[in-house]
$ cat structure27.cif   # mmCIF, C-alpha atoms
data_entry
#
loop_
_atom_site.label_atom_id
_atom_site.label_comp_id
_atom_site.auth_asym_id
_atom_site.auth_seq_id
_atom_site.Cartn_x
_atom_site.Cartn_y
_atom_site.Cartn_z
CA MET Z 482 -0.42 -8.03 -38.31
CA TYR Z 483 0.94 -11.54 -38.33
CA ALA Z 484 -1.30 -13.98 -36.50
CA PHE Z 485 -0.53 -14.80 -32.87
CA ASP Z 486 -2.17 -16.30 -29.82
CA ILE Z 487 -2.91 -14.01 -26.94
CA LYS Z 488 -3.00 -15.07 -23.31
CA ARG Z 489 -4.50 -13.12 -20.43
CA PRO Z 490 -2.93 -14.31 -17.17
CA ARG Z 491 -4.49 -13.09 -13.92
CA SER Z 492 -1.35 -13.25 -11.77
CA VAL Z 493 2.37 -12.59 -12.14
CA GLU Z 494 2.99 -16.28 -11.56
CA GLU Z 495 0.74 -17.24 -14.49
CA ALA Z 496 2.36 -14.58 -16.67
CA VAL Z 497 5.88 -15.82 -15.93
CA ALA Z 498 4.79 -19.37 -16.78
CA ALA Z 499 3.22 -18.19 -20.04
CA LEU Z 500 6.39 -16.28 -20.95
CA ALA Z 501 8.59 -19.33 -20.42
CA ASP Z 502 7.76 -20.25 -24.01
CA GLY Z 503 10.56 -18.64 -26.04
CA GLU Z 504 8.15 -17.41 -28.73
CA ALA Z 505 6.07 -15.44 -26.24
CA GLN Z 506 6.31 -11.71 -25.67
CA ALA Z 507 4.86 -9.61 -22.86
CA LEU Z 508 2.24 -6.99 -23.80
CA GLY Z 509 1.89 -4.09 -21.37
CA GLY Z 510 -0.53 -1.34 -22.36
CA GLY Z 511 0.34 -1.90 -26.00
CA GLN Z 512 0.71 1.76 -26.91
CA THR Z 513 4.04 1.03 -28.58
CA LEU Z 514 3.85 -2.70 -29.23
CA ILE Z 515 0.45 -2.72 -30.96
CA PRO Z 516 1.46 -0.09 -33.58
CA THR Z 517 4.71 -2.04 -34.01
CA LEU Z 518 2.79 -5.27 -34.60
CA ARG Z 519 0.52 -3.48 -37.04
CA GLN Z 520 3.50 -2.52 -39.13
CA ARG Z 521 4.65 -6.15 -39.09
CA LEU Z 522 7.83 -5.13 -37.33
CA ALA Z 523 7.31 -7.87 -34.74
CA ASP Z 524 6.14 -11.45 -35.08
CA PRO Z 525 5.64 -13.05 -31.67
CA GLY Z 526 4.10 -16.52 -31.62
CA THR Z 527 2.24 -15.65 -28.45
CA LEU Z 528 1.47 -12.40 -26.69
CA VAL Z 529 1.05 -12.44 -22.94
CA SER Z 530 -1.18 -9.50 -22.02
CA LEU Z 531 -0.35 -8.15 -18.57
CA SER Z 532 -3.29 -5.74 -18.42
CA GLY Z 533 -5.54 -8.18 -16.54
CA ILE Z 534 -3.15 -8.60 -13.60
CA ALA Z 535 -4.63 -6.58 -10.74
CA GLU Z 536 -1.66 -7.15 -8.41
CA LEU Z 537 0.58 -5.11 -10.76
CA LYS Z 538 -1.50 -1.93 -10.46
CA TYR Z 539 -0.74 0.25 -7.44
CA VAL Z 540 0.94 3.42 -6.24
CA ARG Z 541 1.93 3.53 -2.57
CA MET Z 542 4.46 5.07 -0.22
CA GLU Z 543 6.44 2.78 2.03
CA GLY Z 544 8.76 4.74 4.30
CA ASP Z 545 10.39 7.32 2.04
CA VAL Z 546 10.14 5.20 -1.10
CA LEU Z 547 7.35 5.43 -3.65
CA ARG Z 548 6.46 2.00 -5.01
CA ILE Z 549 4.62 1.68 -8.30
CA GLY Z 550 3.37 -1.63 -9.70
CA GLY Z 551 4.74 -2.49 -13.14
CA GLY Z 552 1.26 -2.62 -14.70
CA THR Z 553 0.19 0.81 -13.43
CA THR Z 554 -1.00 3.17 -16.15
CA HIS Z 555 0.42 6.64 -16.64
CA ALA Z 556 -2.98 8.10 -15.76
CA GLN Z 557 -3.03 6.30 -12.41
CA VAL Z 558 0.50 7.45 -11.58
CA ALA Z 559 -0.38 11.03 -12.56
CA ARG Z 560 -3.34 10.90 -10.20
CA GLU Z 561 -2.03 8.89 -7.26
CA ALA Z 562 1.64 9.89 -7.10
CA ALA Z 563 0.88 13.62 -7.09
CA ALA Z 564 0.78 13.90 -3.30
CA HIS Z 565 3.99 11.88 -2.82
CA TYR Z 566 6.26 12.75 -5.73
CA PRO Z 567 4.82 15.63 -7.77
CA ALA Z 568 7.63 15.74 -10.34
CA LEU Z 569 7.08 12.08 -11.25
CA ALA Z 570 3.30 12.52 -11.36
CA SER Z 571 3.79 15.50 -13.64
CA LEU Z 572 6.00 13.42 -15.95
CA ALA Z 573 3.38 10.66 -16.12
CA GLY Z 574 0.62 13.20 -16.80
CA ARG Z 575 2.45 14.53 -19.87
CA ILE Z 576 3.19 11.25 -21.64
CA GLY Z 577 1.43 10.94 -25.00
CA ASP Z 578 -2.20 12.03 -24.68
CA PRO Z 579 -5.10 11.14 -22.36
CA ALA Z 580 -6.10 7.97 -24.24
CA VAL Z 581 -2.49 6.73 -24.30
CA ARG Z 582 -2.14 7.46 -20.59
CA ASN Z 583 -5.18 5.29 -19.84
CA ARG Z 584 -3.47 2.24 -21.36
CA GLY Z 585 0.31 2.71 -21.34
CA THR Z 586 2.15 1.38 -18.27
CA ILE Z 587 5.33 2.23 -16.41
CA GLY Z 588 6.66 -1.31 -16.76
CA GLY Z 589 6.01 -1.34 -20.49
CA SER Z 590 7.70 2.00 -21.00
CA LEU Z 591 10.80 1.03 -19.02
CA ALA Z 592 11.08 -2.40 -20.65
CA ASN Z 593 10.83 -0.83 -24.11
CA ASN Z 594 13.43 1.89 -23.32
CA ASP Z 595 12.56 4.06 -26.28
CA PRO Z 596 15.33 6.68 -26.63
CA SER Z 597 12.70 9.45 -26.55
CA ALA Z 598 10.42 8.08 -23.83
CA CYS Z 599 9.76 9.96 -20.58
CA TYR Z 600 9.87 7.27 -17.90
CA PRO Z 601 13.50 6.23 -18.49
CA ALA Z 602 14.52 9.79 -17.56
CA GLY Z 603 12.30 9.72 -14.47
CA ALA Z 604 13.68 6.38 -13.31
CA LEU Z 605 17.33 7.17 -14.01
CA GLY Z 606 17.04 10.70 -12.62
CA SER Z 607 15.42 9.41 -9.44
CA ASN Z 608 17.93 6.59 -8.92
CA ALA Z 609 14.98 4.19 -9.01
CA THR Z 610 15.18 0.44 -8.61
CA VAL Z 611 13.46 -1.80 -11.13
CA VAL Z 612 12.07 -4.93 -9.52
CA THR Z 613 11.30 -8.09 -11.47
CA GLY Z 614 10.05 -11.41 -10.23
CA ALA Z 615 13.65 -12.55 -9.95
CA ARG Z 616 15.75 -9.57 -8.84
CA GLU Z 617 16.21 -5.87 -8.22
CA ILE Z 618 18.07 -3.78 -10.80
CA ALA Z 619 19.41 -0.27 -10.15
CA ALA Z 620 18.40 2.22 -12.85
CA ASP Z 621 22.09 2.87 -13.54
CA ASP Z 622 22.40 -0.78 -14.62
CA PHE Z 623 18.95 -1.18 -16.19
CA PHE Z 624 19.20 1.06 -19.27
CA GLN Z 625 21.71 -0.39 -21.72
CA GLY Z 626 21.25 1.59 -24.92
CA LEU Z 627 18.69 1.97 -27.67
CA PHE Z 628 15.68 -0.22 -26.78
CA GLU Z 629 18.04 -2.35 -24.66
CA THR Z 630 17.65 -3.10 -20.97
CA ALA Z 631 19.06 -5.51 -18.41
CA LEU Z 632 15.84 -7.56 -18.57
CA ASP Z 633 16.22 -11.18 -19.63
CA GLU Z 634 13.78 -12.91 -21.96
CA GLY Z 635 10.48 -13.40 -20.20
CA GLU Z 636 11.41 -11.19 -17.24
CA ILE Z 637 8.61 -8.79 -16.21
CA VAL Z 638 8.88 -5.44 -14.43
CA THR Z 639 6.72 -6.04 -11.37
CA GLU Z 640 7.55 -2.87 -9.41
CA VAL Z 641 9.54 0.33 -9.65
CA ARG Z 642 10.84 1.91 -6.41
CA PHE Z 643 11.48 5.63 -6.41
CA PRO Z 644 13.41 7.34 -3.62
CA VAL Z 645 11.67 10.71 -3.29
CA PRO Z 646 14.10 13.63 -3.73
CA GLU Z 647 14.05 16.98 -1.91
CA ALA Z 648 13.33 18.79 -5.17
CA ALA Z 649 12.80 17.62 -8.74
CA ARG Z 650 11.35 18.59 -12.10
CA TYR Z 651 10.84 16.96 -15.48
CA GLU Z 652 11.15 19.47 -18.28
CA LYS Z 653 10.14 18.30 -21.74
CA PHE Z 654 10.62 19.95 -25.11
CA ILE Z 655 7.97 18.20 -27.10
CA GLN Z 656 8.09 16.96 -30.68
CA PRO Z 657 4.55 18.05 -31.53
CA ALA Z 658 3.62 15.36 -34.04
CA SER Z 659 4.54 12.34 -31.93
CA ARG Z 660 4.31 13.99 -28.49
CA PHE Z 661 7.54 12.21 -27.58
CA ALA Z 662 10.38 14.27 -26.14
CA LEU Z 663 12.62 15.98 -28.67
CA VAL Z 664 14.80 16.54 -25.62
CA ALA Z 665 13.66 16.19 -22.02
CA VAL Z 666 15.53 16.33 -18.73
CA PHE Z 667 14.72 15.01 -15.27
CA VAL Z 668 16.58 16.82 -12.50
CA ALA Z 669 16.44 15.56 -8.91
CA ARG Z 670 18.20 16.94 -5.85
CA PHE Z 671 18.78 14.50 -3.01
CA ALA Z 672 20.52 15.07 0.30
CA GLY Z 673 23.51 13.19 -1.08
CA GLY Z 674 23.75 14.79 -4.54
CA VAL Z 675 22.01 15.76 -7.76
CA ARG Z 676 21.01 13.57 -10.67
CA VAL Z 677 20.38 14.81 -14.20
CA ALA Z 678 18.91 12.33 -16.69
CA VAL Z 679 18.44 13.24 -20.35
CA THR Z 680 16.08 11.52 -22.81
CA GLY Z 681 15.32 12.17 -26.47
CA ALA Z 682 18.81 13.41 -27.22
CA SER Z 683 21.29 10.55 -27.43
CA GLU Z 684 21.55 7.76 -29.97
CA SER Z 685 22.31 5.50 -27.00
CA GLY Z 686 19.08 6.33 -25.19
CA VAL Z 687 18.68 7.92 -21.77
CA PHE Z 688 21.90 9.10 -20.08
CA ARG Z 689 23.14 10.97 -17.03
CA TRP Z 690 24.86 14.29 -17.59
CA ALA Z 691 27.68 13.92 -15.07
CA GLU Z 692 29.18 17.39 -15.56
CA ALA Z 693 25.87 19.09 -14.78
CA GLU Z 694 25.31 16.81 -11.78
CA ALA Z 695 28.66 17.83 -10.28
CA ALA Z 696 28.06 21.52 -10.89
CA LEU Z 697 24.52 21.41 -9.52
CA ALA Z 698 25.62 19.45 -6.45
CA ALA Z 699 27.90 22.36 -5.56
CA ASP Z 700 25.37 25.07 -6.44
CA PHE Z 701 21.80 24.11 -7.34
CA THR Z 702 20.98 27.08 -9.59
CA PRO Z 703 20.17 27.37 -13.30
CA GLU Z 704 23.17 29.66 -13.78
CA VAL Z 705 25.79 26.98 -13.11
CA VAL Z 706 24.52 25.01 -16.11
CA ARG Z 707 24.97 27.96 -18.44
CA GLY Z 708 28.71 27.47 -18.98
CA LEU Z 709 28.45 23.72 -19.62
CA THR Z 710 28.21 22.16 -23.06
CA VAL Z 711 27.28 18.73 -24.36
CA GLN Z 712 29.06 17.25 -27.38
CA ALA Z 713 26.92 16.90 -30.51
CA GLU Z 714 28.69 13.64 -31.33
CA GLY Z 715 26.39 10.73 -30.50
CA MET Z 716 23.27 12.90 -30.37
CA ILE Z 717 20.25 12.03 -32.52
CA GLY Z 718 20.04 14.00 -35.74
CA ASP Z 719 16.85 13.72 -37.81
CA LEU Z 720 14.29 15.85 -39.63
CA HIS Z 721 13.01 17.18 -36.30
CA GLY Z 722 16.38 18.54 -35.19
CA SER Z 723 20.10 18.19 -35.84
CA ALA Z 724 22.54 16.63 -33.38
CA GLU Z 725 23.94 20.11 -32.66
CA TYR Z 726 20.45 21.44 -31.95
CA ARG Z 727 19.69 18.62 -29.54
CA ALA Z 728 23.05 19.05 -27.78
CA HIS Z 729 22.20 22.74 -27.31
CA LEU Z 730 18.72 21.89 -26.04
CA VAL Z 731 20.15 19.62 -23.34
CA GLY Z 732 21.65 22.67 -21.65
CA VAL Z 733 18.57 24.84 -22.14
CA ILE Z 734 16.14 22.23 -20.87
CA THR Z 735 18.36 21.33 -17.92
CA ARG Z 736 18.37 24.99 -16.84
CA ARG Z 737 14.58 25.11 -17.12
CA ALA Z 738 14.29 21.90 -15.11
CA VAL Z 739 16.42 23.37 -12.33
CA GLU Z 740 14.30 26.53 -12.38
CA GLY Z 741 11.20 24.36 -12.12
CA ALA Z 742 12.65 22.31 -9.26
CA LEU Z 743 13.38 25.52 -7.35
CA ALA Z 744 9.94 27.01 -7.98
CA MET N 1379 -10.52 -17.99 -32.29
CA THR N 1380 -11.74 -16.77 -28.94
CA ARG N 1381 -15.27 -15.83 -27.93
CA VAL N 1382 -15.44 -12.33 -26.53
CA THR N 1383 -18.44 -10.85 -24.77
CA ILE N 1384 -18.64 -7.11 -24.27
CA THR N 1385 -21.41 -4.73 -23.33
CA VAL N 1386 -21.56 -2.12 -26.08
CA ASN N 1387 -23.70 0.94 -25.46
CA GLY N 1388 -25.63 -0.98 -22.81
CA ARG N 1389 -26.27 -4.05 -24.92
CA GLU N 1390 -24.43 -7.34 -24.47
CA ARG N 1391 -22.71 -8.48 -27.67
CA SER N 1392 -20.63 -11.56 -28.35
CA ALA N 1393 -18.31 -12.48 -31.21
CA GLU N 1394 -15.55 -14.87 -32.23
CA VAL N 1395 -12.27 -13.00 -32.67
CA GLU N 1396 -8.64 -13.75 -33.47
CA GLY N 1397 -5.88 -12.83 -31.04
CA ARG N 1398 -4.84 -10.02 -33.37
CA THR N 1399 -8.34 -8.56 -33.80
CA LEU N 1400 -8.31 -4.96 -32.66
CA LEU N 1401 -11.20 -3.53 -30.66
CA VAL N 1402 -11.96 -1.15 -33.53
CA GLU N 1403 -12.16 -4.08 -35.95
CA LEU N 1404 -14.56 -5.90 -33.67
CA LEU N 1405 -16.72 -2.78 -33.39
CA ARG N 1406 -16.75 -1.88 -37.07
CA GLU N 1407 -16.58 -5.21 -38.84
CA GLY N 1408 -17.83 -7.64 -36.21
CA LEU N 1409 -20.66 -5.57 -34.76
CA GLY N 1410 -21.37 -3.15 -37.60
CA LEU N 1411 -20.76 -0.06 -35.47
CA THR N 1412 -19.01 2.02 -38.10
CA GLY N 1413 -19.30 5.34 -36.29
CA THR N 1414 -15.90 4.68 -34.74
CA HIS N 1415 -13.37 5.72 -37.40
CA VAL N 1416 -9.85 4.61 -38.24
CA GLY N 1417 -7.86 7.67 -39.20
CA CYS N 1418 -4.12 7.33 -38.93
CA ASP N 1419 -3.46 3.65 -38.33
CA THR N 1420 -0.56 4.71 -36.08
CA SER N 1421 -2.45 5.40 -32.82
CA GLN N 1422 -1.97 9.15 -33.01
CA CYS N 1423 -5.13 10.75 -34.38
CA GLY N 1424 -7.85 9.73 -31.91
CA ALA N 1425 -10.58 9.18 -34.54
CA CYS N 1426 -11.06 5.69 -33.06
CA ASP N 1427 -11.49 6.88 -29.45
CA VAL N 1428 -14.09 4.98 -27.42
CA HIS N 1429 -14.67 4.48 -23.69
CA VAL N 1430 -13.74 1.14 -22.14
CA ASP N 1431 -15.00 0.79 -18.57
CA GLY N 1432 -15.41 4.54 -18.53
CA LEU N 1433 -11.88 5.37 -19.69
CA LEU N 1434 -10.99 7.01 -22.99
CA VAL N 1435 -8.91 4.63 -25.13
CA LYS N 1436 -7.83 4.33 -28.74
CA SER N 1437 -9.69 1.32 -30.04
CA CYS N 1438 -6.99 0.77 -32.67
CA ALA N 1439 -4.43 0.24 -29.89
CA MET N 1440 -6.23 -2.39 -27.84
CA PHE N 1441 -7.02 -5.98 -28.70
CA ALA N 1442 -10.61 -7.17 -28.66
CA VAL N 1443 -9.81 -10.05 -26.28
CA GLU N 1444 -8.49 -7.52 -23.76
CA CYS N 1445 -12.02 -6.09 -23.60
CA ASP N 1446 -13.72 -9.36 -22.70
CA GLY N 1447 -16.26 -8.54 -20.01
CA ALA N 1448 -15.82 -4.78 -20.40
CA GLU N 1449 -18.38 -2.01 -20.87
CA VAL N 1450 -17.69 -0.17 -24.11
CA THR N 1451 -19.29 3.08 -25.20
CA THR N 1452 -18.99 4.24 -28.80
CA ILE N 1453 -20.31 7.30 -30.62
CA GLU N 1454 -23.50 5.34 -31.34
CA GLY N 1455 -24.13 5.35 -27.60
CA MET N 1456 -23.88 9.12 -27.20
CA ALA N 1457 -27.35 10.07 -28.43
CA ASN N 1458 -30.26 10.41 -26.03
CA ALA N 1459 -32.65 7.48 -25.59
CA ASP N 1460 -35.20 9.16 -27.88
CA GLY N 1461 -32.65 9.42 -30.68
CA THR N 1462 -31.99 13.14 -30.36
CA LEU N 1463 -28.41 14.32 -30.16
CA GLY N 1464 -26.69 14.08 -26.79
CA ARG N 1465 -25.39 17.17 -25.01
CA VAL N 1466 -21.87 17.03 -26.44
CA GLN N 1467 -23.08 16.12 -29.93
CA GLN N 1468 -25.60 18.96 -29.92
CA ALA N 1469 -22.91 21.43 -28.86
CA PHE N 1470 -20.74 20.33 -31.79
CA GLN N 1471 -23.66 20.97 -34.13
CA ASN N 1472 -24.57 24.32 -32.57
CA HIS N 1473 -21.01 25.63 -32.73
CA HIS N 1474 -20.07 24.03 -36.02
CA GLY N 1475 -17.33 22.00 -34.34
CA LEU N 1476 -16.69 20.01 -37.47
CA GLN N 1477 -16.18 20.33 -41.18
CA CYS N 1478 -15.62 16.98 -42.91
CA GLY N 1479 -16.70 15.16 -39.75
CA PHE N 1480 -14.17 12.35 -39.89
CA CYS N 1481 -12.54 13.14 -36.55
CA THR N 1482 -15.84 14.05 -34.89
CA PRO N 1483 -16.69 10.68 -33.27
CA GLY N 1484 -13.30 10.68 -31.53
CA MET N 1485 -13.62 14.34 -30.60
CA VAL N 1486 -17.03 13.75 -29.03
CA MET N 1487 -15.80 10.72 -27.08
CA ALA N 1488 -12.72 12.61 -25.86
CA ALA N 1489 -14.80 15.66 -24.91
CA ALA N 1490 -17.27 13.48 -22.99
CA ALA N 1491 -14.40 11.81 -21.12
CA LEU N 1492 -12.95 15.19 -20.20
CA LEU N 1493 -16.27 16.56 -18.96
CA LYS N 1494 -16.86 13.49 -16.83
CA ASP N 1495 -13.59 14.12 -14.93
CA ASN N 1496 -13.62 17.89 -15.16
CA PRO N 1497 -17.14 19.29 -15.66
CA GLN N 1498 -16.00 22.93 -15.95
CA PRO N 1499 -12.67 22.87 -17.78
CA SER N 1500 -10.81 26.02 -18.77
CA GLU N 1501 -10.17 26.62 -22.44
CA ALA N 1502 -6.52 25.65 -21.91
CA GLU N 1503 -7.59 22.40 -20.25
CA VAL N 1504 -9.85 21.59 -23.20
CA ARG N 1505 -7.02 22.18 -25.66
CA TYR N 1506 -4.59 20.12 -23.58
CA TYR N 1507 -7.02 17.23 -23.26
CA LEU N 1508 -7.69 17.16 -27.00
CA ASP N 1509 -3.96 16.81 -27.68
CA GLY N 1510 -4.51 13.27 -28.94
CA ASN N 1511 -7.35 14.14 -31.32
CA ILE N 1512 -6.26 15.47 -34.66
CA CYS N 1513 -8.55 17.51 -36.92
CA ARG N 1514 -7.28 18.65 -40.29
CA CYS N 1515 -10.21 20.94 -41.15
CA THR N 1516 -11.41 23.18 -38.39
CA GLY N 1517 -8.32 24.64 -36.80
CA TYR N 1518 -9.87 23.46 -33.52
CA HIS N 1519 -11.42 26.79 -32.47
CA ASN N 1520 -15.02 25.70 -32.98
CA ILE N 1521 -14.32 22.32 -31.41
CA VAL N 1522 -13.04 24.07 -28.29
CA LYS N 1523 -16.12 26.33 -28.31
CA ALA N 1524 -18.37 23.29 -28.60
CA VAL N 1525 -16.73 21.59 -25.61
CA MET N 1526 -16.97 24.78 -23.55
CA ALA N 1527 -20.64 25.08 -24.49
CA ALA N 1528 -21.28 21.44 -23.62
CA SER N 1529 -19.85 22.17 -20.16
CA GLY N 1530 -22.45 24.91 -19.74
CA GLN N 1531 -19.86 27.68 -19.78
CA ASP N 1532 -19.95 30.99 -21.54
CA VAL N 1533 -18.71 30.50 -25.09
CA PRO N 1534 -18.31 34.14 -26.17
CA ALA N 1535 -15.86 34.57 -23.27
CA CYS N 1536 -13.65 31.92 -24.78
CA ALA N 1537 -10.60 33.42 -26.50
CA ALA N 1538 -10.86 31.17 -29.52
CA GLY N 1539 -11.95 32.91 -32.69
#
$ encode --input "structure27.cif" --output "structure tokens"
Amino acid sequence: MYAFDIKRPRSVEEAVAALADGEAQALGGGQTLIPTLRQRLADPGTLVSLSGIAELKYVRMEGDVLRIGGGTTHAQVAREAAAHYPALASLAGRIGDPAVRNRGTIGGSLANNDPSACYPAGALGSNATVVTGAREIAADDFFQGLFETALDEGEIVTEVRFPVPEAARYEKFIQPASRFALVAVFVARFAGGVRVAVTGASESGVFRWAEAEAALAADFTPEVVRGLTVQAEGMIGDLHGSAEYRAHLVGVITRRAVEGALA
Amino acid sequence: MTRVTITVNGRERSAEVEGRTLLVELLREGLGLTGTHVGCDTSQCGACDVHVDGLLVKSCAMFAVECDGAEVTTIEGMANADGTLGRVQQAFQNHHGLQCGFCTPGMVMAAAALLKDNPQPSEAEVRYYLDGNICRCTGYHNIVKAVMAASGQDVPACAAG
């Protein structure tokens, strides 16, 4: 690793002040950033560790919206969201492995927007709102391509607000070596429509599968997905699976997600 | 350099570290606790697993300064006070839950974390929990048996091997 200073603010206010320095980078749970630093793929002058900020760690229902603090670990979400939003708790409980889930955070995962990460599908599929110190960003506007989000430099995810759907399921086809999604789909049925968010498949990161959403809104059954196809163009092709294979999996995993949501 | 004070295996220890010093580097090089291993260097294998404030973490994916004030337990803290093997360690020996032994410290720490939360896990739960601990020798069957035995459950009933 290149050398850097590390700061441990105790409040969001202190963190924002520390990040005002252009050389500084936020460190969530570090489960992606620390390996990246170790490979010398990043060289921040200063790291601002958010893990000591107690006010960013919570899971609570307010009305019909589940609010999760940006610094909440996957393990805490898996535990505390289970009674309110089981599909999201199930997603959090299948990220990485137990040790990763004890450190990795929802804010860190969303801010990183890895094209194979789980949380982007959960947030986009739930029509979540990402809250920062400065503003509220709809999930549809937040994810902007491979590792790109609407966040400005120094902007921290302080909260994520999830409307709780009538039925939902996250179905993940795992890449066994990395435990990331080879293809995974979050399906959520709300009173006003259905959302289908796909991660792991596209070179542009998480995306909504509009055709499946329309079909499922009319008839929420696995069968309606069967006739739909996704273009292989723009899908990730690598040693774990070709673009054609991933495009095929999108349909298969979406059907399984709908089955799971109905179960 | 920053001074970090942590309680390791019940004993308060203090050291000067850089911002980039990993917890595993502090343990191994700063404090001489070389039972915690570095296997993959990519945060996947779990050989470096320790407990920080009671939670299982990969010590290669956490900075030492983030542990300031924390309670850390390593494999050196798993034996009984009289130096005999602890319950989980003894089960690994009894059931031959290791071959080369490199992954074993992480396996023991992960197994202990599981049993703390779930004292009577099913075989499937053991396998799921050990997802982040990679062993290239055993094929896992004897590790699973060891964890089942450490939980006080019937090992012959376990489907493995």
$ closest_residue --input "structure27.cif" --among "Z:Glu495, Z:Asp578, Z:Glu561, Z:Glu543" --to "chain N" --atoms "all atoms listed in the file"
Z:Asp578
$ atom_distance --input "structure27.cif" --atom1 "atom CA of N:Asn1511" --atom2 "atom CA of N:Gly1484"
6.9 Å
$ resolve_selection --input "structure27.cif" --expression "the PyMOL selection byres ((chain Z) within 9 of (chain N))" --output "number ranges by chain"
Z: 482-489, 510-517, 519-520, 527-528, 530, 532-533, 577-584, 658-660
$ axis_aligned_box --input "structure27.cif" --around "stretch 578-592 of chain Z" --padding-each-side "8 Å" --output "lines of an AutoDock Vina configuration file"
center_x = 2.5
center_y = 4.8
center_z = -20.5
size_x = 33.2
size_y = 30.4
size_z = 24.3
$ atom_distance --input "structure27.cif" --atom1 "atom CA of Z:Ser607" --atom2 "atom CA of Z:Leu508"
25.5 Å
$ residues_around --input "structure27.cif" --residues "N:Val1522" --least-positions-apart "5" --cutoff "8 Å" --atoms "all atoms listed in the file" --output "ChimeraX atom specification"
/N:1475,1501,1504-1505,1538
$ resolve_selection --input "structure27.cif" --expression "the PyMOL selection byres ((chain N and resi 1454-1458) around 9)" --output "ChimeraX atom specification"
/N:1386-1388,1411-1414,1451-1453,1459-1467,1483,1486-1487,1490
$ atom_distance --input "structure27.cif" --atom1 "atom CA of Z:Arg670" --atom2 "atom CA of Z:Glu740"
12.2 Å
$ residues_around --input "structure27.cif" --residues "N:Ile1384" --least-positions-apart "4" --cutoff "9 Å" --atoms "only C-alpha atoms" --output "list in words"
Arg1389, Glu1390, Arg1391, Ser1392, Ala1393, Cys1445, Asp1446, Gly1447, Ala1448, Glu1449 and Val1450 of chain N
$ resolve_selection --input "structure27.cif" --expression "the PyMOL selection byres ((chain Z and resi 646) around 8)" --output "PyMOL selection string"
chain Z and resi 607+644-645+647-649+669-672
$ closest_residue --input "structure27.cif" --among "N:Ala1528, N:Cys1426, N:Leu1409, N:Val1382" --to "N:Gln1498" --atoms "all atoms listed in the file"
N:Ala1528
$ residues_around --input "structure27.cif" --residues "Z:Arg676" --least-positions-apart "4" --cutoff "6 Å" --atoms "all atoms listed in the file" --output "list in words"
Gly606, Val668, Ala669 and Glu694 of chain Z
$ write_last_selection --input "structure27.cif" --atoms "C-alpha atoms" --output "CSV table (one decimal), in the coordinates of the input"
chain,number,residue,atom,x,y,z
Z,606,GLY,CA,17.0,10.7,-12.6
Z,668,VAL,CA,16.6,16.8,-12.5
Z,669,ALA,CA,16.4,15.6,-8.9
Z,694,GLU,CA,25.3,16.8,-11.8
$ residues_around --input "structure27.cif" --residues "Z:Gly732" --least-positions-apart "6" --cutoff "8 Å" --atoms "only C-alpha atoms" --output "list in words"
Val706, Arg707, Leu709, Thr710 and Val711 of chain Z
$ residues_around --input "structure27.cif" --residues "stretch 685-689 of chain Z" --least-positions-apart "2" --cutoff "10 Å" --atoms "all atoms listed in the file" --output "tab-separated table (two decimals) with C-alpha atoms, in the coordinates of the input"
chain	number	residue	atom	x	y	z
Z	594	ASN	CA	13.43	1.89	-23.32
Z	595	ASP	CA	12.56	4.06	-26.28
Z	596	PRO	CA	15.33	6.68	-26.63
Z	597	SER	CA	12.70	9.45	-26.55
Z	598	ALA	CA	10.42	8.08	-23.83
Z	599	CYS	CA	9.76	9.96	-20.58
Z	600	TYR	CA	9.87	7.27	-17.90
Z	601	PRO	CA	13.50	6.23	-18.49
Z	602	ALA	CA	14.52	9.79	-17.56
Z	603	GLY	CA	12.30	9.72	-14.47
Z	604	ALA	CA	13.68	6.38	-13.31
Z	605	LEU	CA	17.33	7.17	-14.01
Z	606	GLY	CA	17.04	10.70	-12.62
Z	621	ASP	CA	22.09	2.87	-13.54
Z	624	PHE	CA	19.20	1.06	-19.27
Z	625	GLN	CA	21.71	-0.39	-21.72
Z	626	GLY	CA	21.25	1.59	-24.92
Z	627	LEU	CA	18.69	1.97	-27.67
Z	628	PHE	CA	15.68	-0.22	-26.78
Z	629	GLU	CA	18.04	-2.35	-24.66
Z	665	ALA	CA	13.66	16.19	-22.02
Z	666	VAL	CA	15.53	16.33	-18.73
Z	667	PHE	CA	14.72	15.01	-15.27
Z	668	VAL	CA	16.58	16.82	-12.50
Z	676	ARG	CA	21.01	13.57	-10.67
Z	677	VAL	CA	20.38	14.81	-14.20
Z	678	ALA	CA	18.91	12.33	-16.69
Z	679	VAL	CA	18.44	13.24	-20.35
Z	680	THR	CA	16.08	11.52	-22.81
Z	681	GLY	CA	15.32	12.17	-26.47
Z	682	ALA	CA	18.81	13.41	-27.22
Z	683	SER	CA	21.29	10.55	-27.43
Z	691	ALA	CA	27.68	13.92	-15.07
Z	692	GLU	CA	29.18	17.39	-15.56
Z	693	ALA	CA	25.87	19.09	-14.78
Z	694	GLU	CA	25.31	16.81	-11.78
Z	715	GLY	CA	26.39	10.73	-30.50
Z	716	MET	CA	23.27	12.90	-30.37
Z	717	ILE	CA	20.25	12.03	-32.52
$ closest_residue --input "structure27.cif" --among "N:Cys1418, N:Val1395, N:Cys1478, N:Ala1469" --to "N:Ser1529" --atoms "only C-alpha atoms"
N:Ala1469
$ closest_residue --input "structure27.cif" --among "Z:Gln506, Z:Thr702, Z:Ser723, Z:Gln712" --to "Z:Ala523" --atoms "only C-alpha atoms"
Z:Gln506
$ closest_residue --input "structure27.cif" --among "N:His1519, N:His1415, N:Lys1494, N:Arg1406" --to "N:His1473" --atoms "all atoms listed in the file"
N:His1519
$ closest_residue --input "structure27.cif" --among "Z:Ala568, Z:Leu531, Z:Arg642, Z:Glu494" --to "Z:Asp545" --atoms "all atoms listed in the file"
Z:Arg642
